[in-house]
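Participant: Pasting target.txt below, which is compact mmCIF, C-alpha atoms.
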# COMPACT_ATOMS: atom_id res chain seq x y z
CA MET A 1 40.13 10.36 16.36
CA LYS A 2 39.18 6.76 17.06
CA PRO A 3 42.09 4.29 16.57
CA TRP A 4 40.19 2.12 14.07
CA PHE A 5 39.44 5.16 11.89
CA ALA A 6 43.05 6.36 11.98
CA THR A 7 44.17 2.90 10.88
CA ALA A 8 41.66 2.95 8.03
CA LEU A 9 42.88 6.36 6.90
CA ARG A 10 46.47 5.20 6.90
CA GLY A 11 45.44 2.20 4.81
CA ILE A 12 44.18 4.45 2.02
CA GLY A 13 47.03 6.91 2.23
CA VAL A 14 45.44 9.69 4.34
CA SER A 15 47.47 11.32 7.09
CA ALA A 16 46.03 10.43 10.49
CA CYS A 17 47.29 13.64 12.08
CA LEU A 18 44.24 15.48 10.74
CA ALA A 19 41.43 16.13 13.11
CA VAL A 20 38.53 14.64 11.20
CA GLY A 21 35.15 16.21 11.78
CA PRO A 22 31.69 15.11 10.72
CA ALA A 23 30.92 14.11 7.13
CA HIS A 24 30.23 17.08 4.90
CA ALA A 25 26.67 17.53 3.70
CA ASP A 26 27.89 16.95 0.14
CA GLY A 27 29.42 13.59 1.00
CA TYR A 28 33.07 14.21 1.98
CA TRP A 29 34.99 13.81 5.22
CA MET A 30 36.24 17.18 6.38
CA THR A 31 39.12 18.35 8.61
CA ALA A 32 38.54 20.51 11.67
CA ASP A 33 39.16 23.65 9.62
CA GLY A 34 36.51 22.66 7.06
CA SER A 35 38.84 21.40 4.32
CA PRO A 36 38.14 18.04 2.64
CA VAL A 37 40.29 15.10 3.73
CA ARG A 38 42.46 14.02 0.82
CA MET A 39 43.96 10.66 -0.09
CA ALA A 40 47.53 10.15 -1.24
CA ASP A 41 46.59 10.82 -4.88
CA GLY A 42 44.94 14.12 -3.93
CA ALA A 43 41.36 12.92 -4.33
CA CYS A 44 38.85 13.89 -1.65
CA LEU A 45 37.73 11.15 0.74
CA ARG A 46 34.05 10.42 0.18
CA SER A 47 31.67 9.48 2.95
CA GLY A 48 28.74 7.11 2.65
CA ALA A 49 26.53 10.11 1.92
CA TRP A 50 28.37 11.08 -1.27
CA THR A 51 26.35 11.82 -4.42
CA PRO A 52 27.49 13.11 -7.85
CA THR A 53 25.92 16.52 -7.22
CA PRO A 54 26.43 19.11 -6.00
CA ALA A 55 30.12 19.22 -6.89
CA VAL A 56 32.62 20.46 -4.33
CA ALA A 57 35.33 22.76 -5.65
CA GLY A 58 38.61 20.89 -6.04
CA CYS A 59 37.05 17.47 -5.40
CA ASP A 60 34.86 16.58 -8.35
CA ARG A 61 34.78 17.87 -11.86
CA ILE A 62 31.44 18.72 -13.32
CA SER A 63 31.07 16.34 -16.24
CA LYS A 64 30.17 17.81 -19.60
CA PRO A 65 27.02 16.52 -21.23
CA VAL A 66 27.39 13.84 -23.87
CA ARG A 67 25.74 14.82 -27.14
CA ILE A 68 24.86 12.34 -29.91
CA VAL A 69 23.51 13.38 -33.33
CA LEU A 70 22.49 10.93 -36.08
CA LEU A 71 23.77 12.07 -39.48
CA PRO A 72 22.60 10.87 -42.91
CA ASP A 73 25.07 9.34 -45.34
CA PRO A 74 26.11 11.29 -48.47
CA ASN A 75 23.11 9.84 -50.35
CA GLY A 76 20.68 10.98 -47.66
CA LYS A 77 20.09 7.50 -46.24
CA VAL A 78 19.53 7.32 -42.48
CA GLY A 79 20.16 4.32 -40.25
CA ALA A 80 19.30 3.97 -36.59
CA VAL A 81 21.14 3.91 -33.29
CA ARG A 82 19.93 2.92 -29.83
CA VAL A 83 21.37 4.91 -26.94
CA GLN A 84 21.15 3.62 -23.38
CA ASN A 85 22.37 4.77 -19.99
CA PRO A 86 21.33 3.81 -16.43
CA ALA A 87 18.46 6.31 -16.60
CA GLY A 88 16.82 4.85 -19.72
CA ALA A 89 17.11 4.20 -23.45
CA GLN A 90 15.99 5.85 -26.68
CA THR A 91 16.35 5.14 -30.41
CA LEU A 92 17.41 7.71 -32.98
CA ASN A 93 16.19 7.01 -36.53
CA GLU A 94 15.71 10.45 -38.10
CA ALA A 95 18.33 12.61 -39.79
CA TYR A 96 19.83 15.12 -37.32
CA ALA A 97 17.89 13.72 -34.35
CA GLY A 98 19.95 14.08 -31.19
CA LEU A 99 20.26 13.12 -27.54
CA GLN A 100 22.05 14.77 -24.66
CA ALA A 101 22.83 13.41 -21.21
CA THR A 102 25.11 13.97 -18.27
CA ALA A 103 26.23 11.29 -15.84
CA GLY A 104 23.23 9.78 -14.10
CA SER A 105 20.67 11.99 -15.86
CA ALA A 106 17.83 11.07 -18.20
CA LEU A 107 18.41 11.25 -21.96
CA GLN A 108 17.12 14.54 -23.36
CA ARG A 109 15.95 14.44 -26.96
CA SER A 110 16.76 17.29 -29.37
CA MET A 111 16.52 18.04 -33.07
CA GLU A 112 19.41 19.52 -35.00
CA SER A 113 19.66 20.61 -38.65
CA GLU A 114 22.34 20.42 -41.30
CA ALA A 115 23.19 24.07 -40.63
CA SER A 116 23.39 23.68 -36.84
CA VAL A 117 25.57 20.57 -37.14
CA LYS A 118 27.97 22.39 -39.47
CA ALA A 119 28.10 25.36 -37.11
CA ARG A 120 28.79 23.21 -34.05
CA TYR A 121 30.94 20.42 -35.50
CA GLY A 122 32.25 21.88 -38.75
CA GLN A 123 35.93 21.54 -37.84
CA VAL A 124 35.48 17.92 -36.75
CA LEU A 125 33.55 17.01 -39.90
CA ASP A 126 36.15 18.68 -42.12
CA ALA A 127 38.91 16.65 -40.46
CA ARG A 128 37.36 13.31 -41.46
CA PRO A 129 39.11 11.37 -44.23
CA PRO A 130 37.21 11.25 -47.53
CA ARG A 131 34.76 8.40 -47.97
CA PRO A 132 35.96 5.57 -50.24
CA VAL A 133 35.15 6.03 -53.93
CA THR A 134 34.99 3.25 -56.54
CA PHE A 135 35.81 3.67 -60.22
CA ILE A 136 35.07 0.98 -62.81
CA VAL A 137 36.99 0.55 -66.05
CA ARG A 138 36.12 -2.07 -68.66
CA PHE A 139 38.11 -4.10 -71.17
CA GLU A 140 37.49 -5.35 -74.67
CA THR A 141 36.52 -9.02 -74.76
CA GLY A 142 39.45 -11.39 -74.16
CA SER A 143 41.89 -8.51 -73.66
CA ALA A 144 43.99 -7.83 -70.57
CA THR A 145 45.35 -4.53 -71.86
CA GLN A 146 42.82 -2.78 -74.11
CA LEU A 147 40.36 -0.55 -72.27
CA THR A 148 37.06 0.40 -73.84
CA VAL A 149 36.79 3.97 -75.15
CA GLU A 150 34.37 4.88 -72.37
CA SER A 151 36.89 3.77 -69.75
CA LEU A 152 39.41 6.39 -70.84
CA GLU A 153 37.08 9.05 -69.41
CA VAL A 154 36.88 7.11 -66.14
CA VAL A 155 40.69 7.07 -65.96
CA ALA A 156 40.70 10.86 -66.41
CA ARG A 157 38.24 11.28 -63.50
CA LEU A 158 40.35 8.95 -61.37
CA LYS A 159 43.47 10.97 -62.14
CA ALA A 160 41.69 14.18 -61.05
CA ALA A 161 40.54 12.53 -57.79
CA LEU A 162 44.06 11.30 -57.02
CA ALA A 163 45.38 14.84 -57.34
CA GLN A 164 43.08 15.96 -54.50
CA TRP A 165 43.28 12.86 -52.28
CA PRO A 166 45.53 12.89 -49.19
CA ALA A 167 47.72 9.76 -48.94
CA PRO A 168 45.63 7.58 -51.31
CA GLN A 169 45.34 3.83 -50.82
CA LEU A 170 43.94 1.84 -53.74
CA THR A 171 42.49 -1.63 -54.13
CA VAL A 172 42.31 -2.87 -57.74
CA VAL A 173 40.22 -5.98 -58.41
CA GLY A 174 39.87 -7.54 -61.86
CA HIS A 175 36.81 -9.46 -63.14
CA THR A 176 35.79 -11.32 -66.30
CA ASP A 177 32.62 -12.46 -68.03
CA ARG A 178 31.83 -16.18 -68.40
CA VAL A 179 33.55 -16.74 -71.73
CA GLY A 180 36.43 -19.17 -71.21
CA SER A 181 37.37 -21.60 -68.47
CA GLY A 182 37.49 -20.77 -64.78
CA PRO A 183 41.31 -21.00 -64.50
CA SER A 184 41.88 -18.90 -67.61
CA ASN A 185 39.46 -16.26 -66.35
CA ASP A 186 41.23 -16.18 -63.01
CA ALA A 187 44.51 -15.44 -64.79
CA LEU A 188 42.85 -12.91 -67.13
CA SER A 189 41.19 -10.99 -64.29
CA LEU A 190 44.49 -10.72 -62.43
CA LYS A 191 46.27 -9.49 -65.56
CA ARG A 192 43.60 -6.84 -65.99
CA ALA A 193 44.08 -5.67 -62.42
CA GLN A 194 47.84 -5.58 -62.92
CA THR A 195 47.44 -3.55 -66.12
CA VAL A 196 45.44 -0.93 -64.24
CA GLY A 197 47.91 -1.06 -61.34
CA GLN A 198 50.77 -0.26 -63.72
CA GLN A 199 48.82 2.69 -65.12
CA LEU A 200 48.24 3.97 -61.59
CA MET A 201 51.93 3.71 -60.77
CA ALA A 202 52.63 5.70 -63.92
CA LEU A 203 50.42 8.40 -62.40
CA GLY A 204 52.65 8.49 -59.31
CA ILE A 205 50.99 5.96 -56.99
CA SER A 206 53.59 3.97 -55.06
CA ALA A 207 53.47 0.18 -55.18
CA SER A 208 53.11 0.09 -51.38
CA SER A 209 49.82 2.03 -51.66
CA LEU A 210 48.41 -0.37 -54.24
CA GLU A 211 46.81 -3.79 -53.86
CA THR A 212 45.74 -5.89 -56.86
CA ALA A 213 43.67 -9.06 -57.07
CA GLY A 214 41.70 -11.09 -59.62
CA ARG A 215 38.27 -12.61 -58.99
CA GLY A 216 37.74 -14.27 -62.35
CA GLU A 217 34.07 -14.83 -63.23
CA ARG A 218 32.95 -15.29 -59.59
CA GLU A 219 31.38 -11.85 -59.03
CA PRO A 220 29.47 -10.79 -62.15
CA LEU A 221 27.57 -7.52 -62.16
CA VAL A 222 25.13 -9.13 -64.59
CA PRO A 223 24.43 -12.85 -64.00
CA THR A 224 24.67 -14.84 -67.26
CA ASP A 225 24.88 -18.41 -68.44
CA ASP A 226 28.28 -19.97 -68.96
CA GLY A 227 29.94 -18.93 -72.21
CA VAL A 228 27.98 -15.66 -72.56
CA ALA A 229 30.03 -12.54 -73.29
CA ASN A 230 29.00 -9.49 -71.28
CA ALA A 231 30.77 -6.12 -71.40
CA ALA A 232 29.60 -5.06 -67.92
CA ASN A 233 31.34 -8.05 -66.34
CA ARG A 234 34.69 -7.46 -68.08
CA ARG A 235 35.85 -4.85 -65.62
CA VAL A 236 38.34 -3.69 -63.03
CA GLU A 237 37.04 -2.03 -59.87
CA ILE A 238 39.36 0.59 -58.36
CA THR A 239 38.51 1.61 -54.81
CA LEU A 240 40.19 4.78 -53.60
CA ARG A 241 40.35 5.33 -49.86
Please express the file's structure as structure tokens.
Facilitator:
Amino acid sequence: MKPWFATALRGIGVSACLAVGPAHADGYWMTADGSPVRMADGACLRSGAWTPTPAVAGCDRISKPVRIVLLPDPNGKVGAVRVQNPAGAQTLNEAYAGLQATAGSALQRSMESEASVKARYGQVLDARPPRPVTFIVRFETGSATQLTVESLEVVARLKAALAQWPAPQLTVVGHTDRVGSGPSNDALSLKRAQTVGQQLMALGISASSLETAGRGEREPLVPTDDGVANAANRRVEITLR
């Protein structure tokens, strides 16, 4: 073994007592008995001729292909995603369109279906947390405590959802219409949110899982002139996540 090479091997943690032969055809330095030279961490010592394939047993792991599938949202809407690797780039913009690639290889396009995705990834999909759901309850004009009759049904649906929801976190935001001054509507919207928050705590929701806020007349569902009463805007939005 040439002295400079032995010094280099010592520098990277390889024992210099090995009789190093020619570089292996697959890109590794080999000992006289045909075993790969290993560094201190156990990795095989690559030569300048190394390439990702073919893999040598005990030196390189064969990487699993990466698979990407574009799923629609619960309403069927599909976005788009651009996938790029050193071998090229492609855009997915159809429901259940897919790509597969291994390290250094070109992207291979595929087409899945709802059934094939459920068969392949069903356990992963089932483990996802539920998507956030928003409930809206409304108040009688000027009131911070009196819900409309229709809102009582919404509260019943919310109660049923809470019974099935793992570790619920809730955001409760109150709103008003444009009757009254800005400061008074700020206070009224917060009181409405707090009223709903108290009802949720009565259903067993802990205060630490509940966040309340008031937005006054700033975020109307139905834009109106100042001073106009509107039932749709007198509301509390409850987001369950």
Participant: Using only C-alpha atoms, find the one residue out of A:Cys59, A:Arg215, A:Arg38, A:Leu71 that sits nearest to Leu125 in chain A.
Facilitator: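 Closest to Leu125 in chain A, using only C-alpha atoms: A:Leu71.
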Participant: Rounded to one decimal in Å, what is the spacing between CA of Val154 in chain A and CA of Val78 in chain A?
Facilitator: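 Between CA of Val154 in chain A and CA of Val78 in chain A the gap is 29.3 Å.
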Participant: Please determine, counting all atoms listed in the file, which residue among A:Ile205, A:Leu200, A:Val228, A:Ala193 has the shortest atom-to-atom distance to Gly180 in chain A.
Facilitator: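 Among the listed residues, the smallest separation from Gly180 in chain A belongs to A:Val228.
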Participant: Please provide as a list in words all residues within 8 Å of Gly79 in chain A, with the sequence filter that same-chain residues fewer than 2 positions apart are discarded (counting only C-alpha atoms).
Facilitator: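 Here the answer would be Pro72, Lys77, Val81, Asn93 and Glu94 of chain A.
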Participant: Would you list the residues near (35.4, -3.0, -65.1) (no more than 9 Å away, in the coordinates of the file, using all atoms listed in the file) as a list of chain:residue names?
Facilitator: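 Every polymer residue passing the test: A:Phe135, A:Ile136, A:Val137, A:Arg138, A:Phe139, A:Ser151, A:Val173, A:Gly174, A:His175, A:Thr176, A:Ala231, A:Ala232, A:Asn233, A:Arg234, A:Arg235, A:Val236, A:Glu237, A:Ile238.
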Participant: Expressed in Å to a single decimal, how great is the separation between CA of Tyr121 in chain A and CA of Ala97 in chain A?
Facilitator: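 The value is 14.7 Å.
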Participant: Measure the distance from CA of Ala160 in chain A to CA of Leu240 in chain A in Å and round it to one decimal.
Facilitator: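 Calculated distance between CA of Ala160 in chain A and CA of Leu240 in chain A is 12.1 Å.
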Participant: Of the residues A:Asp186, A:Asp225, A:Glu153, A:Glu114, which is the one nearest to Ala213 in chain A, using all atoms listed in the file?
Facilitator: A:Asp186
Participant: For Pro166 in chain A, which residue out of A:Gln199, A:Ser143, A:Ser35, A:Ser209 is the nearest one, using all atoms listed in the file?
Facilitator: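 Checking each of A:Gln199, A:Ser143, A:Ser35, A:Ser209 against Pro166 in chain A, counting all atoms listed in the file, the winner is A:Ser209.
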